[in-house]
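Participant: This one is my_file_11.cif, mmCIF, C-alpha atoms and all ligand atoms.
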```cif
data_entry
#
loop_
_atom_site.label_atom_id
_atom_site.label_comp_id
_atom_site.auth_asym_id
_atom_site.auth_seq_id
_atom_site.Cartn_x
_atom_site.Cartn_y
_atom_site.Cartn_z
CA MET A 833 -30.85 -14.67 24.63
CA GLN A 834 -29.15 -11.88 22.66
CA LYS A 835 -28.93 -8.41 24.20
CA ASN A 836 -29.48 -5.31 22.02
CA ILE A 837 -26.42 -3.07 22.45
CA GLY A 838 -27.59 -0.37 20.04
CA ASN A 839 -26.29 0.65 16.63
CA VAL A 840 -22.85 -0.87 17.10
CA ILE A 841 -21.09 -2.14 13.97
CA GLY A 842 -20.65 -5.81 14.74
CA MET A 843 -18.78 -6.69 11.56
CA TYR A 844 -15.26 -7.21 12.84
CA PRO A 845 -12.54 -8.37 12.67
CA MET A 846 -11.23 -7.22 9.34
CA PRO A 847 -7.75 -7.03 7.92
CA ILE A 848 -5.52 -4.09 8.75
CA THR A 849 -4.04 -2.50 5.67
CA ILE A 850 -1.32 0.02 5.05
CA VAL A 851 -2.24 2.38 2.26
CA GLY A 852 0.65 4.02 0.42
CA THR A 853 0.42 7.33 -1.40
CA GLU A 854 2.68 10.06 -2.72
CA ILE A 855 2.12 13.73 -1.98
CA ASP A 856 4.34 16.46 -3.46
CA GLY A 857 6.88 13.81 -4.44
CA LYS A 858 7.03 12.29 -0.94
CA VAL A 859 5.74 8.88 0.09
CA ASN A 860 3.14 8.74 2.89
CA TRP A 861 1.68 5.74 4.73
CA ILE A 862 -1.64 5.41 6.56
CA ASN A 863 -3.20 2.60 8.58
CA ILE A 864 -6.67 1.79 7.20
CA ALA A 865 -8.92 -0.90 8.67
CA HIS A 866 -12.17 0.03 6.99
CA VAL A 867 -11.71 -1.73 3.70
CA GLY A 868 -14.04 -3.92 1.71
CA VAL A 869 -14.31 -6.02 -1.40
CA ILE A 870 -16.84 -4.93 -4.02
CA GLY A 871 -17.70 -7.54 -6.58
CA MET A 872 -14.85 -9.68 -7.88
CA ASP A 873 -12.56 -6.94 -9.15
CA SER A 874 -12.71 -3.92 -6.84
CA MET A 875 -12.09 -2.85 -3.27
CA MET A 876 -13.17 0.13 -1.22
CA LEU A 877 -11.17 2.21 1.23
CA SER A 878 -13.13 4.35 3.67
CA MET A 879 -10.93 7.28 4.63
CA GLY A 880 -11.68 10.34 6.77
CA LYS A 881 -11.70 13.46 4.56
CA ALA A 882 -9.16 15.28 6.73
CA HIS A 883 -6.38 12.73 6.26
CA TYR A 884 -3.27 13.95 4.50
CA SER A 885 -3.18 10.75 2.39
CA ASN A 886 -6.43 11.68 0.64
CA ILE A 887 -4.71 14.61 -1.10
CA GLY A 888 -2.38 12.20 -2.91
CA ILE A 889 -5.12 9.72 -3.76
CA ARG A 890 -7.34 12.41 -5.23
CA LYS A 891 -4.48 13.84 -7.29
CA ASN A 892 -2.73 10.68 -8.54
CA LYS A 893 -5.80 8.44 -8.76
CA THR A 894 -3.52 5.62 -7.62
CA VAL A 895 -2.80 3.98 -4.28
CA SER A 896 -1.15 0.89 -2.83
CA ILE A 897 -2.77 -1.46 -0.32
CA SER A 898 -0.66 -3.86 1.75
CA LEU A 899 -1.51 -6.53 4.27
CA ILE A 900 0.79 -6.79 7.29
CA THR A 901 2.27 -9.55 9.40
CA ALA A 902 2.54 -9.42 13.21
CA ASP A 903 6.14 -8.13 13.21
CA MET A 904 4.95 -5.01 11.33
CA ILE A 905 2.33 -4.00 13.95
CA PRO A 906 4.33 -1.26 15.75
CA ALA A 907 5.19 0.49 12.45
CA ALA A 908 1.62 0.05 11.21
CA ASP A 909 0.21 1.53 14.40
CA TYR A 910 2.65 4.45 14.20
CA VAL A 911 1.48 5.47 10.73
CA GLY A 912 -2.07 5.41 12.13
CA LEU A 913 -1.11 7.71 15.01
CA VAL A 914 0.71 10.55 13.27
CA SER A 915 -0.19 12.52 10.15
CA GLY A 916 1.90 13.28 7.10
CA LYS A 917 0.66 16.87 7.55
CA ASN A 918 3.36 17.39 10.17
CA THR A 919 5.42 14.17 10.29
CA ASP A 920 7.54 12.64 7.53
CA LYS A 921 6.46 8.96 7.48
CA SER A 922 8.22 8.15 4.19
CA ASP A 923 10.95 6.04 5.83
CA VAL A 924 8.66 3.87 7.99
CA PHE A 925 8.49 1.09 5.38
CA GLU A 926 11.04 0.16 2.74
CA PHE A 927 9.33 0.34 -0.61
CA PHE A 928 9.67 -0.25 -4.33
CA ASN A 929 7.79 1.24 -7.27
CA GLY A 930 5.69 -0.92 -9.54
CA HIS A 931 3.98 0.32 -12.69
CA LEU A 932 1.80 3.06 -11.22
CA GLN A 933 3.08 6.48 -10.21
CA GLY A 934 2.04 7.41 -6.67
CA ALA A 935 1.51 3.87 -5.35
CA PRO A 936 4.63 2.88 -3.37
CA LEU A 937 4.72 -0.85 -2.55
CA ILE A 938 5.96 -2.14 0.82
CA LYS A 939 8.98 -4.40 0.28
CA ASN A 940 8.44 -6.84 3.15
CA ALA A 941 4.61 -6.91 3.11
CA PRO A 942 3.28 -10.42 2.53
CA VAL A 943 0.85 -9.05 -0.06
CA THR A 944 0.96 -5.59 -1.64
CA MET A 945 -1.27 -4.29 -4.45
CA GLU A 946 -0.88 -1.33 -6.76
CA CYS A 947 -4.32 0.03 -7.51
CA GLU A 948 -6.11 2.54 -9.70
CA VAL A 949 -8.84 4.70 -8.21
CA VAL A 950 -11.96 4.27 -10.35
CA ASP A 951 -14.58 6.08 -8.26
CA VAL A 952 -15.07 8.11 -5.09
CA PHE A 953 -18.22 8.58 -3.13
CA GLU A 954 -18.50 10.92 -0.22
CA THR A 955 -20.36 10.61 3.02
CA GLU A 956 -20.44 13.42 5.57
CA THR A 957 -17.06 12.62 7.12
CA ASN A 958 -15.40 10.19 4.72
CA GLU A 959 -14.28 9.63 1.17
CA GLN A 960 -14.85 6.10 -0.09
CA PHE A 961 -12.26 5.31 -2.73
CA VAL A 962 -13.24 2.48 -5.07
CA VAL A 963 -10.05 0.94 -6.39
CA LYS A 964 -9.05 -1.85 -8.75
CA PRO A 965 -5.85 -3.82 -8.24
CA ILE A 966 -3.60 -3.59 -11.31
CA ASN A 967 -0.77 -5.74 -9.98
CA THR A 968 -0.53 -7.84 -6.82
CA TYR A 969 2.88 -8.76 -5.42
CA VAL A 970 3.18 -11.68 -3.00
CA GLN A 971 6.20 -12.96 -1.05
CA GLU A 972 6.90 -16.30 -2.72
CA GLU A 973 6.78 -18.24 0.56
CA TYR A 974 3.04 -17.46 0.73
CA LEU A 975 2.19 -18.87 -2.69
CA ASP A 976 1.08 -22.47 -3.04
CA GLU A 977 2.04 -24.84 -5.84
CA ASN A 978 -0.80 -23.43 -8.00
CA GLY A 979 0.33 -19.83 -7.55
CA LYS A 980 -2.57 -19.02 -5.18
CA ILE A 981 -2.06 -16.98 -2.02
CA ASP A 982 -2.16 -19.22 1.08
CA PHE A 983 -3.81 -16.91 3.62
CA VAL A 984 -3.33 -19.40 6.44
CA LYS A 985 0.41 -18.99 5.91
CA VAL A 986 0.16 -15.22 5.49
CA SER A 987 -1.88 -14.90 8.70
CA PRO A 988 -2.67 -11.22 8.04
CA VAL A 989 -3.15 -9.01 11.09
CA LEU A 990 -6.80 -8.25 11.87
CA PHE A 991 -8.44 -5.29 13.62
CA GLU A 992 -11.51 -4.90 15.80
CA MET A 993 -13.02 -1.63 16.95
CA GLN A 994 -14.81 -2.55 20.20
CA LYS A 995 -11.62 -3.10 22.21
CA ARG A 996 -9.38 -1.43 19.61
CA ARG A 997 -7.08 -4.38 19.27
CA TYR A 998 -5.04 -6.16 16.66
CA LEU A 999 -6.01 -9.83 16.38
CA SER A 1000 -4.49 -12.84 14.71
CA THR A 1001 -6.21 -15.24 12.33
CA GLY A 1002 -6.86 -18.87 13.14
CA GLY A 1003 -6.47 -21.74 10.71
CA ALA A 1004 -8.74 -22.96 7.95
CA LEU A 1005 -12.09 -24.40 9.08
CA ALA A 1006 -13.60 -25.86 5.94
CA ASP A 1007 -13.67 -25.53 2.16
CA CYS A 1008 -16.21 -23.02 0.79
CA TRP A 1009 -18.79 -24.10 -1.80
CA HIS A 1010 -18.08 -27.62 -0.58
CA ILE A 1011 -18.78 -28.24 3.12
CA GLY A 1012 -22.39 -27.13 2.60
CA LYS A 1013 -22.95 -30.19 0.48
CA THR A 1014 -22.77 -32.30 3.65
CA PHE A 1015 -25.39 -30.19 5.49
CA LYS A 1016 -28.43 -32.16 4.42
CA GLY A 1017 -26.46 -35.36 4.41
CA GLU A 1018 -25.96 -35.19 0.63
C1 LIG A 1101 -5.74 0.56 13.87
C2 LIG A 1101 -6.09 1.78 13.09
C3 LIG A 1101 -7.06 1.73 12.09
C4 LIG A 1101 -7.41 2.85 11.36
N1 LIG A 1101 -8.38 2.76 10.39
C5 LIG A 1101 -8.75 3.85 9.71
C6 LIG A 1101 -9.76 3.76 8.70
O1 LIG A 1101 -10.25 2.69 8.37
N2 LIG A 1101 -10.13 4.92 8.07
C7 LIG A 1101 -9.58 6.14 8.37
O2 LIG A 1101 -9.96 7.14 7.77
N3 LIG A 1101 -8.60 6.25 9.33
C8 LIG A 1101 -8.17 5.14 9.98
N4 LIG A 1101 -7.20 5.23 10.94
C9 LIG A 1101 -6.63 6.55 11.27
C10 LIG A 1101 -5.47 6.98 10.36
O3 LIG A 1101 -4.59 5.90 10.12
C11 LIG A 1101 -4.67 8.13 11.04
O4 LIG A 1101 -5.53 9.22 11.32
C12 LIG A 1101 -3.45 8.58 10.27
O5 LIG A 1101 -2.56 9.20 11.18
C13 LIG A 1101 -3.74 9.58 9.15
O6 LIG A 1101 -2.53 9.76 8.42
P1 LIG A 1101 -2.33 10.87 7.29
O7 LIG A 1101 -2.92 12.18 7.80
O8 LIG A 1101 -0.83 10.94 7.13
O9 LIG A 1101 -3.00 10.44 6.03
C14 LIG A 1101 -6.80 4.10 11.66
C15 LIG A 1101 -5.79 4.16 12.63
C16 LIG A 1101 -5.43 3.01 13.34
C17 LIG A 1101 -4.36 3.09 14.39
#
```
Starting from the file, lay out its structure as structure tokens.
Ligand SMILES: Cc1cc2nc3c(=O)[nH]c(=O)nc-3n(C[C@H](O)[C@H](O)[C@H](O)COP(=O)(O)O)c2cc1C
Facilitator:
Amino acid sequence: MQKNIGNVIGMYPMPITIVGTEIDGKVNWINIAHVGVIGMDSMMLSMGKAHYSNIGIRKNKTVSISLITADMIPAADYVGLVSGKNTDKSDVFEFFNGHLQGAPLIKNAPVTMECEVVDVFETETNEQFVVKPINTYVQEEYLDENGKIDFVKVSPVLFEMQKRRYLSTGGALADCWHIGKTFKGE
């Protein structure tokens, strides 16, 4: 029997991301867990209005989004604890510039995307930035022979809010759009 625990968001875990911006010529990093995929070509970042990072995103209309591996957790947590308002976080991750101004890309991230901001919608406390990836950079060891990202190998760090923990992924369970064909014994 399920127990009703109220209006708790039960949709975790989700990947932790590091979002890179540039404000007044200086790189800033923020830890963002509340991300989503919209359709086949866009993503959404839900970011509290008061964050320093939002200033850069609003101005440049660009941003980078990186997945992280377990060894990056302490640095990722740090950029989620302190604000660029009063702490210089520019040296936390080594970065390179791609094609978009204002979207610094993390050098040792398994996957890092430079994105354009195409829309913003506000809720009372947050700005939801709708972004499209323009270029996606992947460490070669995580690409399979067909040039696809192997997310089992990447094993991106996940986040869950109830116990405020970082989690790891498991392996692959089944092939999508495929295993269902066995359900009715077809
Ligand atoms: C694990 C973790 C997840 C976070 N997820 C989000 C999030 O999804 N949205 C958000 O607005 N802030 C999130 N934060 C908070 C920001 O990362 C944090 O307030 C940061 O210091 C703001 O940096 P800035 O002011 O330099 O932009 C998260 C922090 C941590 C540690």
Participant: Please write out the residues within 7 Å of ligand LIG 1101 (chain A) as a PyMOL selection string, counting only C-alpha atoms and all ligand atoms.
Facilitator: chain A and resi 848+860-867+878-880+883-886+909+911-917+958+991
Participant: Neighbouring residues of A:Glu972 were defined as those with any atom within 10 Å, considering all atoms listed in the file; residues of the same chain fewer than 3 positions away were excluded. Please report them as a ChimeraX atom specification.
Facilitator: /A:942-943,969,975-976,979,981
Participant: Report, in Å with one decimal, the straight-line distance from atom CA of A:Ala1004 to atom CA of A:Lys980.
Facilitator: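 If I compute the distance from atom CA of A:Ala1004 to atom CA of A:Lys980, I get 15.0 Å.
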Participant: Hey, which of A:Tyr998, A:Tyr844, A:Phe983, A:Phe928 ends up closest to A:Ala908? Count all atoms listed in the file.
Facilitator: A:Tyr998
Participant: Closest to A:Ser896 among A:Asn836, A:Ser874, A:Asn967, A:Ser922, using only C-alpha atoms?
Facilitator: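 Closest candidate: A:Asn967.
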Participant: Go ahead and compute the interatomic distance for atom CA of A:Cys947 and atom CA of A:His931, in Å to one decimal.
Facilitator: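 Calculated distance between atom CA of A:Cys947 and atom CA of A:His931 is 9.8 Å.
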Participant: Once you add 6 Å to each side, what are the centre and edge lengths of the axis-aligned box holding all listed atoms of stretch 929-948 of chain A? One decimal in Å, as lines of an AutoDock Vina configuration file, if you can.
Facilitator:
```
center_x = 1.4
center_y = -1.5
center_z = -4.8
size_x = 27.1
size_y = 29.8
size_z = 27.8
```
Participant: When you count all atoms listed in the file, which of these residues is closest to A:Gly934: A:Gly1003, A:Pro906, A:Gly857, A:Pro845?
Facilitator: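 Comparing A:Gly1003, A:Pro906, A:Gly857, A:Pro845 against A:Gly934, the winner is A:Gly857.
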Participant: Work out how far apart atom CA of A:Phe925 and atom CA of A:Pro988 are and give it in Å to one decimal.
Facilitator: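 Interatomic distance, atom CA of A:Phe925 to atom CA of A:Pro988: 16.8 Å.
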Participant: With all atoms listed in the file as the atoms that count, which of A:Gln960, A:Thr968, A:Thr919, A:Thr901 lies nearest to A:Thr1001?
Facilitator: A:Thr901
Participant: When you count only C-alpha atoms, which of these residues is closest to A:Glu956: A:Ala882, A:Asp1007, A:Gly871, A:Leu999?
Facilitator: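 Smallest separation from A:Glu956 among the options: A:Ala882.
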Participant: Have a look at A:Pro936, A:Thr955, A:Val869, A:Glu926 and name the one nearest to A:Val851; count all atoms listed in the file.
Facilitator: A:Pro936
Participant: Do you know which residues are at most 7 Å from A:Tyr974 counting all atoms listed in the file, after dropping those on the same chain fewer than 4 positions away, and could you put them as number ranges by chain?
Facilitator: A: 970, 981-982, 985-986
Participant: Report as a PyMOL selection string all protein, DNA and RNA residues lying within 6 Å of A:Met876, evaluated on all atoms listed in the file, omitting residues in the same chain fewer than 3 positions from it.
Facilitator: chain A and resi 867-868+961-962
